[in-house]
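Structure file upload-v6.cif; described as mmCIF, C-alpha atoms (C1' of nucleotides).
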data_query
#
loop_
_atom_site.label_atom_id
_atom_site.label_comp_id
_atom_site.auth_asym_id
_atom_site.auth_seq_id
_atom_site.Cartn_x
_atom_site.Cartn_y
_atom_site.Cartn_z
CA MET S 11 -85.55 -0.37 -32.27
CA ASN S 12 -85.64 0.35 -35.99
CA GLU S 13 -84.18 -2.68 -37.76
CA LEU S 14 -82.06 -0.71 -40.20
CA GLN S 15 -80.67 1.33 -37.34
CA HIS S 16 -79.76 -1.87 -35.56
CA ILE S 17 -77.93 -3.24 -38.60
CA ILE S 18 -76.08 0.07 -38.93
CA ALA S 19 -75.06 -0.15 -35.28
CA LEU S 20 -73.49 -3.56 -35.90
CA LEU S 21 -71.76 -2.41 -39.06
CA SER S 22 -70.52 0.72 -37.35
CA ARG S 23 -69.10 -1.34 -34.48
CA GLU S 24 -67.34 -3.59 -36.96
CA ILE S 25 -65.74 -0.62 -38.74
CA VAL S 26 -64.50 0.78 -35.43
CA GLU S 27 -62.98 -2.58 -34.51
CA LEU S 28 -61.30 -2.96 -37.87
CA GLU S 29 -59.81 0.51 -37.57
CA GLU S 30 -58.53 -0.29 -34.11
CA SER S 31 -56.90 -3.53 -35.13
CA ALA S 32 -55.42 -1.81 -38.17
CA LYS S 33 -53.90 0.73 -35.81
CA GLU S 34 -52.10 -2.08 -34.03
CA GLN S 35 -50.78 -3.50 -37.30
CA PHE S 36 -49.08 -0.22 -38.11
CA SER S 37 -46.62 1.03 -35.56
CA PHE S 38 -48.51 4.05 -34.31
CA ASN S 39 -47.87 2.86 -30.79
CA GLU S 40 -45.56 5.80 -30.17
CA LEU S 41 -48.52 8.15 -30.61
CA THR S 42 -51.18 8.93 -28.03
CA LEU S 43 -54.86 8.79 -28.87
CA THR S 44 -54.94 12.57 -28.90
CA GLN S 45 -51.98 12.81 -31.28
CA MET S 46 -53.72 10.34 -33.60
CA HIS S 47 -56.75 12.60 -33.48
CA TYR S 48 -54.62 15.57 -34.57
CA LEU S 49 -53.28 13.57 -37.52
CA GLU S 50 -56.79 12.41 -38.46
CA THR S 51 -58.06 15.96 -38.46
CA ILE S 52 -55.14 17.37 -40.45
CA ASN S 53 -55.72 14.63 -42.97
CA HIS S 54 -59.41 15.31 -43.13
CA LEU S 55 -59.05 19.09 -43.47
CA ARG S 56 -56.35 18.72 -46.15
CA ASN S 57 -53.43 20.86 -45.05
CA PRO S 58 -55.24 23.33 -42.82
CA ASN S 59 -53.43 26.22 -41.24
CA LEU S 60 -53.15 26.37 -37.48
CA THR S 61 -56.20 28.56 -36.98
CA GLU S 62 -58.41 26.26 -39.04
CA LEU S 63 -57.20 23.21 -37.17
CA ALA S 64 -57.77 24.86 -33.78
CA PHE S 65 -61.27 25.92 -34.80
CA ASP S 66 -62.22 22.48 -36.08
CA MET S 67 -60.95 20.75 -32.95
CA ASN S 68 -62.45 23.31 -30.56
CA LEU S 69 -59.06 24.14 -29.10
CA THR S 70 -57.08 27.34 -28.64
CA LYS S 71 -54.22 28.23 -30.95
CA PRO S 72 -51.51 27.92 -28.29
CA SER S 73 -52.68 24.39 -27.50
CA VAL S 74 -52.47 23.43 -31.13
CA THR S 75 -49.06 25.07 -31.62
CA VAL S 76 -47.62 22.99 -28.80
CA ALA S 77 -49.26 19.76 -29.94
CA ILE S 78 -48.06 20.25 -33.51
CA ASP S 79 -44.51 20.96 -32.31
CA LYS S 80 -44.48 17.48 -30.80
CA LEU S 81 -45.79 15.87 -33.97
CA ILE S 82 -43.13 17.71 -35.96
CA GLU S 83 -40.50 16.51 -33.49
CA LYS S 84 -41.72 12.94 -34.07
CA GLU S 85 -41.70 13.54 -37.83
CA TYR S 86 -45.38 12.99 -38.57
CA VAL S 87 -46.09 16.57 -39.62
CA TYR S 88 -44.33 19.52 -41.24
CA LYS S 89 -45.24 23.18 -41.68
CA VAL S 90 -45.22 25.25 -44.86
CA LYS S 91 -45.45 29.01 -44.77
CA SER S 92 -48.32 30.20 -46.96
CA ASP S 93 -47.46 32.34 -50.01
CA GLU S 94 -50.73 34.25 -49.84
CA ASP S 95 -50.33 35.15 -46.19
CA ARG S 96 -46.83 34.92 -44.78
CA ARG S 97 -48.16 34.75 -41.23
CA SER S 98 -50.04 31.54 -41.93
CA MET S 99 -48.53 28.06 -41.60
CA HIS S 100 -50.10 25.15 -43.48
CA LEU S 101 -49.82 21.72 -41.94
CA HIS S 102 -48.85 18.67 -43.98
CA LEU S 103 -48.40 15.00 -43.12
CA THR S 104 -44.93 13.57 -43.79
CA GLU S 105 -44.57 10.17 -45.46
CA LYS S 106 -44.56 8.68 -41.98
CA GLY S 107 -47.75 10.59 -41.18
CA LYS S 108 -49.38 9.35 -44.35
CA LEU S 109 -49.11 5.77 -43.10
CA LEU S 110 -52.31 6.80 -41.35
CA ASN S 111 -54.11 6.58 -44.67
CA GLN S 112 -52.68 3.17 -45.40
CA MET S 113 -54.04 2.15 -42.04
CA HIS S 114 -57.54 3.29 -42.99
CA ASP S 115 -57.19 1.65 -46.39
CA TYR S 116 -56.26 -1.57 -44.70
CA ALA S 117 -59.35 -1.49 -42.49
CA HIS S 118 -61.61 -0.74 -45.46
CA LYS S 119 -60.00 -3.48 -47.48
CA MET S 120 -60.63 -5.96 -44.68
CA LEU S 121 -64.30 -5.04 -44.60
CA ALA S 122 -64.56 -5.30 -48.40
CA GLU S 123 -63.01 -8.75 -48.26
CA ARG S 124 -65.38 -9.89 -45.56
CA MET S 125 -68.31 -8.74 -47.67
CA ILE S 126 -66.92 -10.59 -50.68
CA THR S 127 -66.67 -13.73 -48.57
CA ALA S 128 -70.10 -13.42 -46.97
CA LEU S 129 -72.13 -12.68 -50.11
CA ASP S 130 -72.36 -14.28 -53.54
CA ASP S 131 -71.61 -12.40 -56.75
CA SER S 132 -75.10 -11.12 -57.48
CA GLU S 133 -75.68 -10.06 -53.89
CA LEU S 134 -72.35 -8.31 -53.82
CA SER S 135 -73.05 -6.46 -57.02
CA ALA S 136 -76.47 -5.41 -55.72
CA LEU S 137 -74.98 -4.20 -52.42
CA LYS S 138 -72.26 -2.28 -54.19
CA HIS S 139 -74.86 -0.64 -56.43
CA LEU S 140 -77.08 0.38 -53.53
CA LEU S 141 -74.27 1.73 -51.39
CA TYR S 142 -72.88 3.54 -54.43
CA LYS S 143 -76.24 5.19 -54.95
CA TYR S 144 -76.37 6.15 -51.28
CA VAL S 145 -72.91 7.67 -50.97
CA ASN S 146 -73.35 9.58 -54.24
CA ARG S 147 -76.77 11.03 -53.41
CA LYS S 148 -76.92 14.78 -54.03
CA MET T 30 -58.54 1.15 -55.96
CA ASN T 31 -61.16 -1.53 -55.45
CA GLU T 32 -64.54 0.10 -55.99
CA LEU T 33 -66.23 -1.56 -53.04
CA GLN T 34 -63.36 -0.53 -50.81
CA HIS T 35 -63.77 3.04 -51.99
CA ILE T 36 -67.49 3.05 -51.20
CA ILE T 37 -66.71 1.61 -47.77
CA ALA T 38 -64.18 4.40 -47.19
CA LEU T 39 -66.86 7.02 -47.89
CA LEU T 40 -69.41 5.28 -45.70
CA SER T 41 -66.88 4.86 -42.93
CA ARG T 42 -66.01 8.56 -43.07
CA GLU T 43 -69.69 9.44 -42.87
CA ILE T 44 -70.19 7.27 -39.80
CA VAL T 45 -67.21 8.89 -38.07
CA GLU T 46 -68.60 12.35 -38.84
CA LEU T 47 -72.04 11.46 -37.58
CA GLU T 48 -70.57 10.11 -34.35
CA GLU T 49 -68.55 13.27 -33.90
CA SER T 50 -71.47 15.57 -34.44
CA ALA T 51 -73.57 13.41 -32.11
CA LYS T 52 -70.89 13.90 -29.48
CA GLU T 53 -71.38 17.64 -29.73
CA GLN T 54 -75.16 17.29 -29.35
CA PHE T 55 -74.75 15.52 -26.03
CA SER T 56 -72.85 17.41 -23.38
CA PHE T 57 -69.76 15.27 -23.21
CA ASN T 58 -67.70 18.42 -23.48
CA GLU T 59 -66.48 18.01 -19.92
CA LEU T 60 -64.73 14.78 -20.94
CA THR T 61 -61.41 14.47 -22.73
CA LEU T 62 -61.01 12.28 -25.80
CA THR T 63 -59.14 9.77 -23.64
CA GLN T 64 -61.89 9.68 -21.03
CA MET T 65 -64.44 9.07 -23.79
CA HIS T 66 -62.29 6.18 -24.93
CA TYR T 67 -62.39 4.67 -21.45
CA LEU T 68 -66.19 4.91 -21.43
CA GLU T 69 -66.41 3.39 -24.91
CA THR T 70 -64.26 0.46 -23.87
CA ILE T 71 -66.11 -0.18 -20.61
CA ASN T 72 -69.34 -0.16 -22.58
CA HIS T 73 -67.97 -2.52 -25.19
CA LEU T 74 -66.50 -4.97 -22.68
CA ARG T 75 -69.71 -5.00 -20.60
CA ASN T 76 -68.69 -4.29 -17.03
CA PRO T 77 -65.08 -5.48 -17.14
CA ASN T 78 -62.95 -5.56 -14.06
CA LEU T 79 -59.92 -3.32 -13.86
CA THR T 80 -57.47 -5.95 -15.11
CA GLU T 81 -59.57 -6.74 -18.17
CA LEU T 82 -59.94 -3.06 -19.02
CA ALA T 83 -56.20 -2.44 -18.64
CA PHE T 84 -55.40 -5.45 -20.83
CA ASP T 85 -57.83 -4.43 -23.57
CA MET T 86 -56.53 -0.84 -23.64
CA ASN T 87 -52.87 -1.85 -23.47
CA LEU T 88 -52.34 0.14 -20.29
CA THR T 89 -51.02 -0.70 -16.83
CA LYS T 90 -53.37 -1.25 -13.91
CA PRO T 91 -52.22 1.83 -11.96
CA SER T 92 -52.92 4.00 -15.01
CA VAL T 93 -56.42 2.62 -15.27
CA THR T 94 -57.07 2.95 -11.53
CA VAL T 95 -56.24 6.64 -11.65
CA ALA T 96 -58.24 7.28 -14.83
CA ILE T 97 -61.29 5.46 -13.45
CA ASP T 98 -61.08 7.44 -10.19
CA LYS T 99 -61.57 10.60 -12.24
CA LEU T 100 -64.51 9.16 -14.13
CA ILE T 101 -66.07 8.10 -10.82
CA GLU T 102 -65.47 11.60 -9.47
CA LYS T 103 -67.32 12.97 -12.50
CA GLU T 104 -70.10 10.42 -12.00
CA TYR T 105 -69.81 8.54 -15.28
CA VAL T 106 -68.69 5.24 -13.73
CA TYR T 107 -69.09 3.25 -10.54
CA LYS T 108 -67.36 0.17 -9.14
CA VAL T 109 -68.93 -3.01 -7.81
CA LYS T 110 -66.93 -5.52 -5.80
CA SER T 111 -67.24 -8.97 -7.35
CA ASP T 112 -68.93 -11.69 -5.29
CA GLU T 113 -66.84 -14.46 -6.84
CA ASP T 114 -63.56 -12.72 -6.17
CA ARG T 115 -63.62 -10.05 -3.51
CA ARG T 116 -60.41 -8.52 -4.83
CA SER T 117 -61.96 -7.75 -8.18
CA MET T 118 -63.88 -4.55 -8.99
CA HIS T 119 -66.33 -4.53 -11.88
CA LEU T 120 -66.86 -1.27 -13.70
CA HIS T 121 -70.32 -0.01 -14.62
CA LEU T 122 -71.57 3.09 -16.41
CA THR T 123 -73.90 5.34 -14.42
CA GLU T 124 -77.05 6.74 -16.04
CA LYS T 125 -74.95 9.74 -17.02
CA GLY T 126 -72.35 7.40 -18.54
CA LYS T 127 -75.03 5.57 -20.47
CA LEU T 128 -75.85 8.74 -22.39
CA LEU T 129 -72.91 7.53 -24.44
CA ASN T 130 -75.14 4.85 -25.91
CA GLN T 131 -77.86 7.34 -26.72
CA MET T 132 -75.20 9.29 -28.53
CA HIS T 133 -74.30 6.29 -30.68
CA ASP T 134 -77.97 5.52 -31.23
CA TYR T 135 -78.48 9.06 -32.42
CA ALA T 136 -75.67 8.77 -34.97
CA HIS T 137 -76.99 5.45 -36.26
CA LYS T 138 -80.50 6.83 -36.47
CA MET T 139 -79.23 9.77 -38.53
CA LEU T 140 -77.56 7.40 -40.99
CA ALA T 141 -80.68 5.23 -41.21
CA GLU T 142 -82.76 8.31 -41.95
CA ARG T 143 -80.37 9.46 -44.64
CA MET T 144 -80.60 6.04 -46.27
CA ILE T 145 -84.39 6.15 -46.13
CA THR T 146 -84.31 9.54 -47.83
CA ALA T 147 -81.78 8.58 -50.48
CA LEU T 148 -83.30 5.27 -51.59
CA ASP T 149 -86.79 4.18 -52.57
CA ASP T 150 -88.72 1.47 -50.74
CA SER T 151 -87.57 -1.51 -52.80
CA GLU T 152 -83.96 -0.37 -52.79
CA LEU T 153 -84.09 0.17 -49.07
CA SER T 154 -85.55 -3.23 -48.44
CA ALA T 155 -82.90 -4.84 -50.65
CA LEU T 156 -80.11 -2.96 -48.87
CA LYS T 157 -81.47 -3.90 -45.48
CA HIS T 158 -81.65 -7.54 -46.53
CA LEU T 159 -78.08 -7.59 -47.85
CA LEU T 160 -76.57 -5.83 -44.85
CA TYR T 161 -78.57 -8.09 -42.56
CA LYS T 162 -77.14 -11.11 -44.30
CA TYR T 163 -73.65 -9.65 -43.98
CA VAL T 164 -73.74 -8.74 -40.30
CA ASN T 165 -75.32 -12.10 -39.41
CA ARG T 166 -72.86 -14.26 -41.36
CA LYS T 167 -71.54 -17.13 -39.22
"C1'" DT N 30 -51.42 -23.50 7.36
"C1'" DT N 31 -47.78 -21.20 5.30
"C1'" DT N 32 -46.29 -19.55 0.80
"C1'" DT N 33 -47.15 -17.78 -3.52
"C1'" DT N 34 -49.88 -15.52 -6.67
"C1'" DT N 35 -53.18 -12.16 -8.09
"C1'" DA N 36 -56.37 -7.73 -8.17
"C1'" DA N 37 -56.30 -3.36 -7.03
"C1'" DT N 38 -54.37 0.68 -4.99
"C1'" DT N 39 -51.04 4.27 -3.43
"C1'" DA N 40 -46.95 7.06 -3.99
"C1'" DG N 41 -43.94 9.59 -6.74
"C1'" DA N 42 -42.33 11.11 -11.13
"C1'" DA N 43 -42.22 12.13 -16.22
"C1'" DT N 44 -44.65 13.57 -20.17
"C1'" DA N 45 -48.89 15.25 -22.54
"C1'" DT N 46 -52.68 18.39 -22.91
"C1'" DT N 47 -54.74 22.46 -22.32
"C1'" DC N 48 -55.42 27.32 -21.27
"C1'" DA N 49 -54.89 32.69 -20.51
"C1'" DA N 50 -51.84 36.41 -21.16
"C1'" DA N 51 -48.23 38.60 -23.50
"C1'" DT N 52 -45.26 38.93 -27.75
"C1'" DT N 53 -43.83 38.97 -32.66
"C1'" DA N 54 -44.57 39.55 -37.36
"C1'" DA N 55 -47.47 40.22 -41.30
"C1'" DT N 56 -51.83 42.07 -43.24
"C1'" DT N 57 -55.66 45.22 -43.44
"C1'" DT N 58 -57.99 49.41 -42.29
"C1'" DT N 59 -58.14 54.16 -41.61
"C1'" DA L 28 -48.02 56.12 -42.96
"C1'" DA L 29 -50.03 55.06 -38.59
"C1'" DA L 30 -53.36 52.23 -36.20
"C1'" DA L 31 -55.84 48.15 -35.77
"C1'" DT L 32 -56.31 43.42 -36.69
"C1'" DT L 33 -54.83 38.76 -37.38
"C1'" DA L 34 -51.75 34.26 -37.38
"C1'" DA L 35 -48.71 32.12 -34.85
"C1'" DT L 36 -45.67 31.65 -30.98
"C1'" DT L 37 -43.74 31.94 -26.24
"C1'" DT L 38 -44.32 31.85 -21.33
"C1'" DG L 39 -46.06 30.05 -17.23
"C1'" DA L 40 -49.39 27.28 -14.97
"C1'" DA L 41 -53.06 23.73 -14.12
"C1'" DT L 42 -54.78 19.25 -15.05
"C1'" DA L 43 -54.55 14.69 -17.41
"C1'" DT L 44 -52.14 10.59 -18.64
"C1'" DT L 45 -49.00 7.31 -18.01
"C1'" DC L 46 -45.41 4.63 -15.88
"C1'" DT L 47 -42.42 1.87 -12.19
"C1'" DA L 48 -42.05 0.42 -7.54
"C1'" DA L 49 -44.07 -0.60 -3.29
"C1'" DT L 50 -48.30 -1.88 -0.55
"C1'" DT L 51 -52.68 -4.15 0.80
"C1'" DA L 52 -55.94 -7.65 0.75
"C1'" DA L 53 -57.94 -11.77 -1.08
"C1'" DA L 54 -57.44 -16.29 -3.47
"C1'" DA L 55 -54.88 -20.30 -4.90
"C1'" DA L 56 -51.12 -23.49 -4.39
"C1'" DA L 57 -47.87 -25.97 -1.70
#
Would you put the structure from the file into structure tokens?
Amino acid sequence: MNELQHIIALLSREIVELEESAKEQFSFNELTLTQMHYLETINHLRNPNLTELAFDMNLTKPSVTVAIDKLIEKEYVYKVKSDEDRRSMHLHLTEKGKLLNQMHDYAHKMLAERMITALDDSELSALKHLLYKYVNRK
Amino acid sequence: MNELQHIIALLSREIVELEESAKEQFSFNELTLTQMHYLETINHLRNPNLTELAFDMNLTKPSVTVAIDKLIEKEYVYKVKSDEDRRSMHLHLTEKGKLLNQMHDYAHKMLAERMITALDDSELSALKHLLYKYVNRK
DNA sequence: TTTTTTAATTAGAATATTCAAATTAATTTT
DNA sequence: AAAATTAATTTGAATATTCTAATTAAAAAA
């Protein structure tokens, strides 16, 4: 197999593991995997309305309505009626829901720290520069 | 925020997106998110028995028995009775279940290709070298 | 060899997840 | 202004997910 692809596979696996252990640190234990996925998607789409969320997740609107009701009940999400279209409800994460981001931050911080430990200053600066160039490609 | 951590966040997001779009390429549509998670974990643990799988996923054994029955029904998994302990059942992915790995490979290949496109030869070789050093740290 | 422990399963029940069909309320088209 | 469309919800139902308690069969300990 392509060597770069192999290295990416290892790195990718490490990121997944860090995210999973971060999830255990934070007390998201009261949420199912599916509910976590709803929160992730709401976060990623930045306050989508219900139709947008359903479309992105390949689910029907009734399914999403019911799922969101439960996340509202558990205080991870709240709805805001749109001013432009009074039929439309935008979904927001509550402070509790936003812990999700802290969880991701924690995982990313762990990886950054491991890189700092594993590489010396010049290597680290070179890696940072190269990854920076990659993620900011047009 | 730490700059390296920020770059890692972007890279991490990109990997997640590539994995998700790879999932759509392959026809795993007949599986739920949870069932995918079972397959991922079986793959990662390399043919665990039921007890090991339940422990790793923080679930009870009856829950896992039932979930695995469905994945066997759908022909993604099969069980093999252990020779060392005839009570124990080891879980294996079928050929259909192993498509999961091809899916991951596809996502990693996409990322590798994007890196090849975004960087020139010397940059790419430097990046490969640095990531190699990182993932192979003791 | 009898007792205890362990791996997995079965049974039965609660909650979660999802959908199609019908409804309500607001917006857009005619 | 009336008709058609659209966003979200409610209703009712099927399947998935999970658990506790009880059972079966094999292994380990007494």
After a least-squares superposition on chain T using every in-order C-alpha pair, I'd like chain S written out as an mmCIF file with C-alpha atoms, in the frame of the given file.
data_model
loop_
_atom_site.group_PDB
_atom_site.id
_atom_site.type_symbol
_atom_site.label_atom_id
_atom_site.label_comp_id
_atom_site.auth_asym_id
_atom_site.auth_seq_id
_atom_site.Cartn_x
_atom_site.Cartn_y
_atom_site.Cartn_z
ATOM 1 C CA MET S 11 -58.533 1.142 -55.934
ATOM 2 C CA ASN S 12 -61.170 -1.537 -55.454
ATOM 3 C CA GLU S 13 -64.557 0.109 -55.972
ATOM 4 C CA LEU S 14 -66.242 -1.550 -53.015
ATOM 5 C CA GLN S 15 -63.359 -0.521 -50.800
ATOM 6 C CA HIS S 16 -63.774 3.036 -51.991
ATOM 7 C CA ILE S 17 -67.493 3.048 -51.195
ATOM 8 C CA ILE S 18 -66.722 1.620 -47.752
ATOM 9 C CA ALA S 19 -64.191 4.392 -47.183
ATOM 10 C CA LEU S 20 -66.866 7.008 -47.874
ATOM 11 C CA LEU S 21 -69.414 5.270 -45.686
ATOM 12 C CA SER S 22 -66.882 4.849 -42.916
ATOM 13 C CA ARG S 23 -66.014 8.553 -43.067
ATOM 14 C CA GLU S 24 -69.689 9.427 -42.861
ATOM 15 C CA ILE S 25 -70.182 7.251 -39.768
ATOM 16 C CA VAL S 26 -67.202 8.883 -38.063
ATOM 17 C CA GLU S 27 -68.586 12.341 -38.821
ATOM 18 C CA LEU S 28 -72.031 11.452 -37.559
ATOM 19 C CA GLU S 29 -70.557 10.111 -34.337
ATOM 20 C CA GLU S 30 -68.547 13.275 -33.888
ATOM 21 C CA SER S 31 -71.481 15.578 -34.417
ATOM 22 C CA ALA S 32 -73.573 13.417 -32.105
ATOM 23 C CA LYS S 33 -70.892 13.895 -29.475
ATOM 24 C CA GLU S 34 -71.397 17.635 -29.715
ATOM 25 C CA GLN S 35 -75.167 17.296 -29.355
ATOM 26 C CA PHE S 36 -74.752 15.534 -26.034
ATOM 27 C CA SER S 37 -72.848 17.418 -23.399
ATOM 28 C CA PHE S 38 -69.753 15.265 -23.218
ATOM 29 C CA ASN S 39 -67.683 18.402 -23.518
ATOM 30 C CA GLU S 40 -66.468 17.993 -19.951
ATOM 31 C CA LEU S 41 -64.734 14.763 -20.968
ATOM 32 C CA THR S 42 -61.414 14.457 -22.765
ATOM 33 C CA LEU S 43 -60.999 12.252 -25.804
ATOM 34 C CA THR S 44 -59.143 9.748 -23.664
ATOM 35 C CA GLN S 45 -61.894 9.657 -21.036
ATOM 36 C CA MET S 46 -64.438 9.050 -23.806
ATOM 37 C CA HIS S 47 -62.271 6.170 -24.952
ATOM 38 C CA TYR S 48 -62.373 4.657 -21.453
ATOM 39 C CA LEU S 49 -66.173 4.889 -21.425
ATOM 40 C CA GLU S 50 -66.394 3.369 -24.917
ATOM 41 C CA THR S 51 -64.249 0.448 -23.879
ATOM 42 C CA ILE S 52 -66.096 -0.193 -20.615
ATOM 43 C CA ASN S 53 -69.303 -0.173 -22.593
ATOM 44 C CA HIS S 54 -67.930 -2.517 -25.186
ATOM 45 C CA LEU S 55 -66.464 -4.986 -22.678
ATOM 46 C CA ARG S 56 -69.676 -4.985 -20.607
ATOM 47 C CA ASN S 57 -68.658 -4.296 -17.028
ATOM 48 C CA PRO S 58 -65.062 -5.483 -17.137
ATOM 49 C CA ASN S 59 -62.935 -5.545 -14.040
ATOM 50 C CA LEU S 60 -59.898 -3.312 -13.860
ATOM 51 C CA THR S 61 -57.451 -5.934 -15.077
ATOM 52 C CA GLU S 62 -59.552 -6.731 -18.138
ATOM 53 C CA LEU S 63 -59.915 -3.072 -19.000
ATOM 54 C CA ALA S 64 -56.173 -2.443 -18.622
ATOM 55 C CA PHE S 65 -55.372 -5.442 -20.809
ATOM 56 C CA ASP S 66 -57.799 -4.427 -23.540
ATOM 57 C CA MET S 67 -56.510 -0.858 -23.629
ATOM 58 C CA ASN S 68 -52.838 -1.858 -23.440
ATOM 59 C CA LEU S 69 -52.320 0.119 -20.257
ATOM 60 C CA THR S 70 -51.003 -0.713 -16.801
ATOM 61 C CA LYS S 71 -53.347 -1.233 -13.878
ATOM 62 C CA PRO S 72 -52.199 1.849 -11.954
ATOM 63 C CA SER S 73 -52.920 4.021 -14.989
ATOM 64 C CA VAL S 74 -56.403 2.629 -15.249
ATOM 65 C CA THR S 75 -57.076 2.954 -11.507
ATOM 66 C CA VAL S 76 -56.265 6.652 -11.652
ATOM 67 C CA ALA S 77 -58.256 7.274 -14.825
ATOM 68 C CA ILE S 78 -61.293 5.463 -13.438
ATOM 69 C CA ASP S 79 -61.095 7.445 -10.185
ATOM 70 C CA LYS S 80 -61.588 10.594 -12.243
ATOM 71 C CA LEU S 81 -64.536 9.145 -14.132
ATOM 72 C CA ILE S 82 -66.090 8.098 -10.829
ATOM 73 C CA GLU S 83 -65.508 11.606 -9.482
ATOM 74 C CA LYS S 84 -67.345 12.980 -12.532
ATOM 75 C CA GLU S 85 -70.108 10.409 -12.032
ATOM 76 C CA TYR S 86 -69.813 8.528 -15.313
ATOM 77 C CA VAL S 87 -68.682 5.249 -13.765
ATOM 78 C CA TYR S 88 -69.107 3.258 -10.559
ATOM 79 C CA LYS S 89 -67.379 0.186 -9.148
ATOM 80 C CA VAL S 90 -68.950 -2.999 -7.812
ATOM 81 C CA LYS S 91 -66.958 -5.494 -5.810
ATOM 82 C CA SER S 92 -67.242 -8.950 -7.367
ATOM 83 C CA ASP S 93 -68.939 -11.692 -5.313
ATOM 84 C CA GLU S 94 -66.828 -14.434 -6.860
ATOM 85 C CA ASP S 95 -63.550 -12.692 -6.141
ATOM 86 C CA ARG S 96 -63.628 -10.003 -3.484
ATOM 87 C CA ARG S 97 -60.409 -8.476 -4.790
ATOM 88 C CA SER S 98 -61.957 -7.728 -8.162
ATOM 89 C CA MET S 99 -63.876 -4.542 -8.977
ATOM 90 C CA HIS S 100 -66.333 -4.524 -11.880
ATOM 91 C CA LEU S 101 -66.856 -1.268 -13.708
ATOM 92 C CA HIS S 102 -70.316 -0.007 -14.625
ATOM 93 C CA LEU S 103 -71.562 3.092 -16.430
ATOM 94 C CA THR S 104 -73.907 5.329 -14.423
ATOM 95 C CA GLU S 105 -77.045 6.733 -16.053
ATOM 96 C CA LYS S 106 -74.956 9.732 -17.038
ATOM 97 C CA GLY S 107 -72.358 7.397 -18.543
ATOM 98 C CA LYS S 108 -75.023 5.551 -20.475
ATOM 99 C CA LEU S 109 -75.852 8.731 -22.388
ATOM 100 C CA LEU S 110 -72.912 7.514 -24.447
ATOM 101 C CA ASN S 111 -75.145 4.838 -25.918
ATOM 102 C CA GLN S 112 -77.864 7.321 -26.719
ATOM 103 C CA MET S 113 -75.207 9.274 -28.538
ATOM 104 C CA HIS S 114 -74.310 6.264 -30.680
ATOM 105 C CA ASP S 115 -77.985 5.515 -31.231
ATOM 106 C CA TYR S 116 -78.489 9.042 -32.413
ATOM 107 C CA ALA S 117 -75.677 8.763 -34.954
ATOM 108 C CA HIS S 118 -77.003 5.436 -36.245
ATOM 109 C CA LYS S 119 -80.498 6.822 -36.463
ATOM 110 C CA MET S 120 -79.243 9.752 -38.520
ATOM 111 C CA LEU S 121 -77.564 7.402 -40.966
ATOM 112 C CA ALA S 122 -80.693 5.227 -41.192
ATOM 113 C CA GLU S 123 -82.764 8.303 -41.950
ATOM 114 C CA ARG S 124 -80.382 9.452 -44.635
ATOM 115 C CA MET S 125 -80.602 6.040 -46.268
ATOM 116 C CA ILE S 126 -84.393 6.164 -46.110
ATOM 117 C CA THR S 127 -84.301 9.550 -47.813
ATOM 118 C CA ALA S 128 -81.764 8.600 -50.474
ATOM 119 C CA LEU S 129 -83.306 5.294 -51.578
ATOM 120 C CA ASP S 130 -86.802 4.216 -52.575
ATOM 121 C CA ASP S 131 -88.722 1.495 -50.755
ATOM 122 C CA SER S 132 -87.581 -1.472 -52.816
ATOM 123 C CA GLU S 133 -83.963 -0.349 -52.797
ATOM 124 C CA LEU S 134 -84.102 0.193 -49.077
ATOM 125 C CA SER S 135 -85.569 -3.215 -48.452
ATOM 126 C CA ALA S 136 -82.915 -4.814 -50.663
ATOM 127 C CA LEU S 137 -80.115 -2.942 -48.866
ATOM 128 C CA LYS S 138 -81.471 -3.883 -45.475
ATOM 129 C CA HIS S 139 -81.660 -7.527 -46.550
ATOM 130 C CA LEU S 140 -78.102 -7.585 -47.861
ATOM 131 C CA LEU S 141 -76.593 -5.833 -44.869
ATOM 132 C CA TYR S 142 -78.612 -8.095 -42.577
ATOM 133 C CA LYS S 143 -77.160 -11.115 -44.324
ATOM 134 C CA TYR S 144 -73.669 -9.661 -44.001
ATOM 135 C CA VAL S 145 -73.767 -8.766 -40.318
ATOM 136 C CA ASN S 146 -75.344 -12.126 -39.445
ATOM 137 C CA ARG S 147 -72.875 -14.259 -41.405
ATOM 138 C CA LYS S 148 -71.490 -17.122 -39.319
#
Nearest candidate to chain S (options T:Tyr107, T:Tyr135, T:Tyr161, T:Phe55; using all atoms listed in the file)
T:Tyr161
Carefully work through the PyMOL selection byres ((chain S) within 10 of (chain N)) for this structure and note down the residues it includes, as a ChimeraX atom specification.
/S:42,44-45,69-74,76-77,80,95-98
Could you take the residues named above and write them with C-alpha atoms, as an mmCIF file, in the frame of the given file?
data_model
loop_
_atom_site.group_PDB
_atom_site.id
_atom_site.type_symbol
_atom_site.label_atom_id
_atom_site.label_comp_id
_atom_site.auth_asym_id
_atom_site.auth_seq_id
_atom_site.Cartn_x
_atom_site.Cartn_y
_atom_site.Cartn_z
ATOM 1 C CA THR S 42 -51.180 8.930 -28.030
ATOM 2 C CA THR S 44 -54.940 12.570 -28.900
ATOM 3 C CA GLN S 45 -51.980 12.810 -31.280
ATOM 4 C CA LEU S 69 -59.060 24.140 -29.100
ATOM 5 C CA THR S 70 -57.080 27.340 -28.640
ATOM 6 C CA LYS S 71 -54.220 28.230 -30.950
ATOM 7 C CA PRO S 72 -51.510 27.920 -28.290
ATOM 8 C CA SER S 73 -52.680 24.390 -27.500
ATOM 9 C CA VAL S 74 -52.470 23.430 -31.130
ATOM 10 C CA VAL S 76 -47.620 22.990 -28.800
ATOM 11 C CA ALA S 77 -49.260 19.760 -29.940
ATOM 12 C CA LYS S 80 -44.480 17.480 -30.800
ATOM 13 C CA ASP S 95 -50.330 35.150 -46.190
ATOM 14 C CA ARG S 96 -46.830 34.920 -44.780
ATOM 15 C CA ARG S 97 -48.160 34.750 -41.230
ATOM 16 C CA SER S 98 -50.040 31.540 -41.930
#
